[in-house]
Amino acid sequence: MSNMNEEIPLSGTCVPDAGTRSYASSASPQSQEQMAWYPMYVTYSREIQVRDALDKKSVKNFLPMDRVTERVGKKLVHTMQPLIHNLIFVYSNRTQLRELKMFNRDCTHMQFMTIKPRNDEQASVVITIPERQMEQFMRAMGVDDALGQRSFLPYTDFLGREGQRIRFLRGPFEGIEGTIKRINKNRHLVITLPHIGVLAITIPTTRDIELLPDK
């Protein structure tokens, strides 16, 4: 059984870019009872098993799924698989998460994710995701994947890469905010989850958008 206090440290330190500044308040010490979105590392790619266990306990969670097409014999088979392996997002507090990790066999596979502040003398901080960013991320994941190819990329790949912040006014992405960036010469809607990763979705047009000021 895993240690209930086990944490996964992320390499590197907090980098002072726009995304990190908006995230800084959620990287400060939190009450054990404060509800927040926790990105939880899941060992042995058991994220579906963990999701099902959380659902049975009525614990709010989000496991990003993506449609995968494979050829089996002469047929194309479409299945839904986790977009990000070994990761699930859980809306809870630390007390409940530790209890789940201790007393629920399936949830022992979860581990907190942490980051080391610039000052090495400070303790590592458990990562949480601001609710606004999680909302945008979940809404973007809910758009039909036929409208744009999705990928989840390393957070560090986008540090220092500027882009135009936008909001979609109409269409399937209506209300979703993010940044327009070019990846492999193609326009992508980029939604950043600081210190975790970047959701990038190809978009065919930039019509029906509103330009937003930089944070």
# chains A, B, ... in the order shown; residues from 1 in each chain; ligands from 1
>>> select_by_dssp(residues="stretch 24-103 of chain A", states="alpha helix (DSSP H)", output="PyMOL selection string")
chain A and resi 47-56+94-103
>>> write_last_selection(atoms="C-alpha atoms", output="tab-separated table (two decimals), in the first residue's frame")
chain	number	residue	atom	x	y	z
A	47	GLU	CA	-6.35	6.41	-14.03
A	48	ILE	CA	-9.60	4.77	-15.26
A	49	GLN	CA	-9.65	2.51	-12.22
A	50	VAL	CA	-9.13	5.52	-9.95
A	51	ARG	CA	-11.84	7.51	-11.78
A	52	ASP	CA	-14.36	4.70	-11.27
A	53	ALA	CA	-13.48	4.48	-7.57
A	54	LEU	CA	-13.93	8.23	-7.14
A	55	ASP	CA	-17.25	8.14	-9.00
A	56	LYS	CA	-18.51	5.44	-6.61
A	94	ARG	CA	-6.30	17.33	1.33
A	95	THR	CA	-8.02	15.69	4.28
A	96	GLN	CA	-10.45	13.77	2.08
A	97	LEU	CA	-7.75	12.86	-0.44
A	98	ARG	CA	-5.49	11.46	2.27
A	99	GLU	CA	-8.40	9.44	3.69
A	100	LEU	CA	-9.16	8.05	0.24
A	101	LYS	CA	-5.51	7.16	-0.27
A	102	MET	CA	-5.42	5.36	3.06
A	103	PHE	CA	-8.74	3.51	3.12
>>> residues_around(residues="A:Ala200", least_positions_apart="5", cutoff="9 Å", atoms="only C-alpha atoms", output="list in words")
Gln149, Arg150, Ser151, Phe152, Leu153, Lys181, Ile183, His188, Leu189, Val190, Ile191 and Thr192 of chain A
>>> residues_around(residues="A:Asp66", least_positions_apart="4", cutoff="7 Å", atoms="only C-alpha atoms", output="ChimeraX atom specification")
/A:80-83
>>> write_last_selection(atoms="N, CA, C and O atoms", output="mmCIF file, in the first residue's frame")
data_model
loop_
_atom_site.group_PDB
_atom_site.id
_atom_site.type_symbol
_atom_site.label_atom_id
_atom_site.label_comp_id
_atom_site.auth_asym_id
_atom_site.auth_seq_id
_atom_site.Cartn_x
_atom_site.Cartn_y
_atom_site.Cartn_z
ATOM 1 N N MET A 80 -12.360 5.284 -26.698
ATOM 2 C CA MET A 80 -12.014 6.448 -25.892
ATOM 3 C C MET A 80 -10.940 6.032 -24.891
ATOM 4 O O MET A 80 -11.108 5.079 -24.135
ATOM 5 N N GLN A 81 -9.830 6.771 -24.919
ATOM 6 C CA GLN A 81 -8.706 6.477 -24.034
ATOM 7 C C GLN A 81 -8.249 7.760 -23.353
ATOM 8 O O GLN A 81 -8.481 8.858 -23.870
ATOM 9 N N PRO A 82 -7.602 7.641 -22.193
ATOM 10 C CA PRO A 82 -7.119 8.851 -21.509
ATOM 11 C C PRO A 82 -6.178 9.662 -22.394
ATOM 12 O O PRO A 82 -5.274 9.099 -23.010
ATOM 13 N N LEU A 83 -6.420 10.969 -22.449
ATOM 14 C CA LEU A 83 -5.541 11.848 -23.213
ATOM 15 C C LEU A 83 -4.186 11.991 -22.530
ATOM 16 O O LEU A 83 -3.145 12.099 -23.182
#
>>> closest_residue(among="A:Pro204, A:Pro117, A:Pro194, A:Gly163", to="A:Leu147", atoms="only C-alpha atoms")
A:Pro204
>>> residues_around(residues="A:Glu162", least_positions_apart="2", cutoff="9 Å", atoms="only C-alpha atoms", output="MDAnalysis selection string")
chainID A and resid 158:160 164 179 181
>>> write_last_selection(atoms="N, CA and C atoms", output="short mmCIF file (atom, residue, chain, number, x, y, z; two decimals), in the first residue's frame")
data_model
loop_
_atom_site.label_atom_id
_atom_site.label_comp_id
_atom_site.auth_asym_id
_atom_site.auth_seq_id
_atom_site.Cartn_x
_atom_site.Cartn_y
_atom_site.Cartn_z
N PHE A 158 6.42 25.59 -23.55
CA PHE A 158 5.76 26.84 -23.93
C PHE A 158 6.20 28.03 -23.10
N LEU A 159 7.13 27.82 -22.21
CA LEU A 159 7.62 28.94 -21.41
C LEU A 159 8.32 29.94 -22.32
N GLY A 160 7.92 31.21 -22.21
CA GLY A 160 8.54 32.26 -23.01
C GLY A 160 8.00 32.38 -24.42
N GLN A 164 -1.39 35.48 -28.68
CA GLN A 164 -2.49 36.43 -28.48
C GLN A 164 -3.61 35.76 -27.69
N THR A 179 -5.10 31.06 -25.66
CA THR A 179 -4.10 31.80 -26.42
C THR A 179 -3.93 31.15 -27.79
N LYS A 181 -1.55 30.21 -30.65
CA LYS A 181 -0.13 30.03 -30.92
C LYS A 181 0.04 29.10 -32.11
#
>>> closest_residue(among="A:Asp106, A:Glu70, A:Glu131, A:Glu121", to="A:Phe89", atoms="only C-alpha atoms")
A:Glu131
>>> decode(residues="stretch 163-180 of chain A", atoms="N, CA and C atoms", output="mmCIF file, in the first residue's frame")
data_model
loop_
_atom_site.group_PDB
_atom_site.id
_atom_site.type_symbol
_atom_site.label_atom_id
_atom_site.label_comp_id
_atom_site.auth_asym_id
_atom_site.auth_seq_id
_atom_site.Cartn_x
_atom_site.Cartn_y
_atom_site.Cartn_z
ATOM 1 N N GLY A 163 1.864 34.659 -27.291
ATOM 2 C CA GLY A 163 0.724 34.422 -28.163
ATOM 3 C C GLY A 163 -0.366 35.431 -27.841
ATOM 4 N N GLN A 164 -1.388 35.485 -28.678
ATOM 5 C CA GLN A 164 -2.494 36.427 -28.481
ATOM 6 C C GLN A 164 -3.608 35.764 -27.691
ATOM 7 N N ARG A 165 -3.969 36.369 -26.566
ATOM 8 C CA ARG A 165 -5.081 35.860 -25.771
ATOM 9 C C ARG A 165 -6.385 36.207 -26.464
ATOM 10 N N ILE A 166 -7.299 35.234 -26.509
ATOM 11 C CA ILE A 166 -8.573 35.437 -27.218
ATOM 12 C C ILE A 166 -9.726 34.773 -26.460
ATOM 13 N N ARG A 167 -10.947 35.168 -26.866
ATOM 14 C CA ARG A 167 -12.164 34.514 -26.392
ATOM 15 C C ARG A 167 -13.042 34.254 -27.605
ATOM 16 N N PHE A 168 -13.580 33.042 -27.712
ATOM 17 C CA PHE A 168 -14.478 32.718 -28.823
ATOM 18 C C PHE A 168 -15.867 33.276 -28.527
ATOM 19 N N LEU A 169 -16.440 33.960 -29.524
ATOM 20 C CA LEU A 169 -17.741 34.608 -29.359
ATOM 21 C C LEU A 169 -18.896 33.741 -29.812
ATOM 22 N N ARG A 170 -18.648 32.868 -30.769
ATOM 23 C CA ARG A 170 -19.696 32.011 -31.326
ATOM 24 C C ARG A 170 -19.104 30.658 -31.694
ATOM 25 N N GLY A 171 -20.011 29.758 -32.052
ATOM 26 C CA GLY A 171 -19.563 28.461 -32.528
ATOM 27 C C GLY A 171 -19.336 27.460 -31.401
ATOM 28 N N PRO A 172 -18.772 26.303 -31.718
ATOM 29 C CA PRO A 172 -18.609 25.243 -30.714
ATOM 30 C C PRO A 172 -17.676 25.625 -29.569
ATOM 31 N N PHE A 173 -16.771 26.589 -29.788
ATOM 32 C CA PHE A 173 -15.853 27.025 -28.742
ATOM 33 C C PHE A 173 -16.353 28.261 -28.007
ATOM 34 N N GLU A 174 -17.610 28.625 -28.205
ATOM 35 C CA GLU A 174 -18.144 29.863 -27.641
ATOM 36 C C GLU A 174 -17.856 29.981 -26.147
ATOM 37 N N GLY A 175 -17.304 31.129 -25.753
ATOM 38 C CA GLY A 175 -17.022 31.399 -24.349
ATOM 39 C C GLY A 175 -15.678 30.900 -23.862
ATOM 40 N N ILE A 176 -15.025 30.069 -24.632
ATOM 41 C CA ILE A 176 -13.741 29.505 -24.202
ATOM 42 C C ILE A 176 -12.631 30.527 -24.438
ATOM 43 N N GLU A 177 -11.775 30.682 -23.436
ATOM 44 C CA GLU A 177 -10.646 31.599 -23.524
ATOM 45 C C GLU A 177 -9.339 30.808 -23.580
ATOM 46 N N GLY A 178 -8.380 31.386 -24.280
ATOM 47 C CA GLY A 178 -7.073 30.749 -24.372
ATOM 48 C C GLY A 178 -6.128 31.647 -25.133
ATOM 49 N N THR A 179 -5.102 31.063 -25.662
ATOM 50 C CA THR A 179 -4.095 31.798 -26.417
ATOM 51 C C THR A 179 -3.933 31.154 -27.789
ATOM 52 N N ILE A 180 -3.820 31.983 -28.809
ATOM 53 C CA ILE A 180 -3.544 31.481 -30.152
ATOM 54 C C ILE A 180 -2.023 31.409 -30.345
#
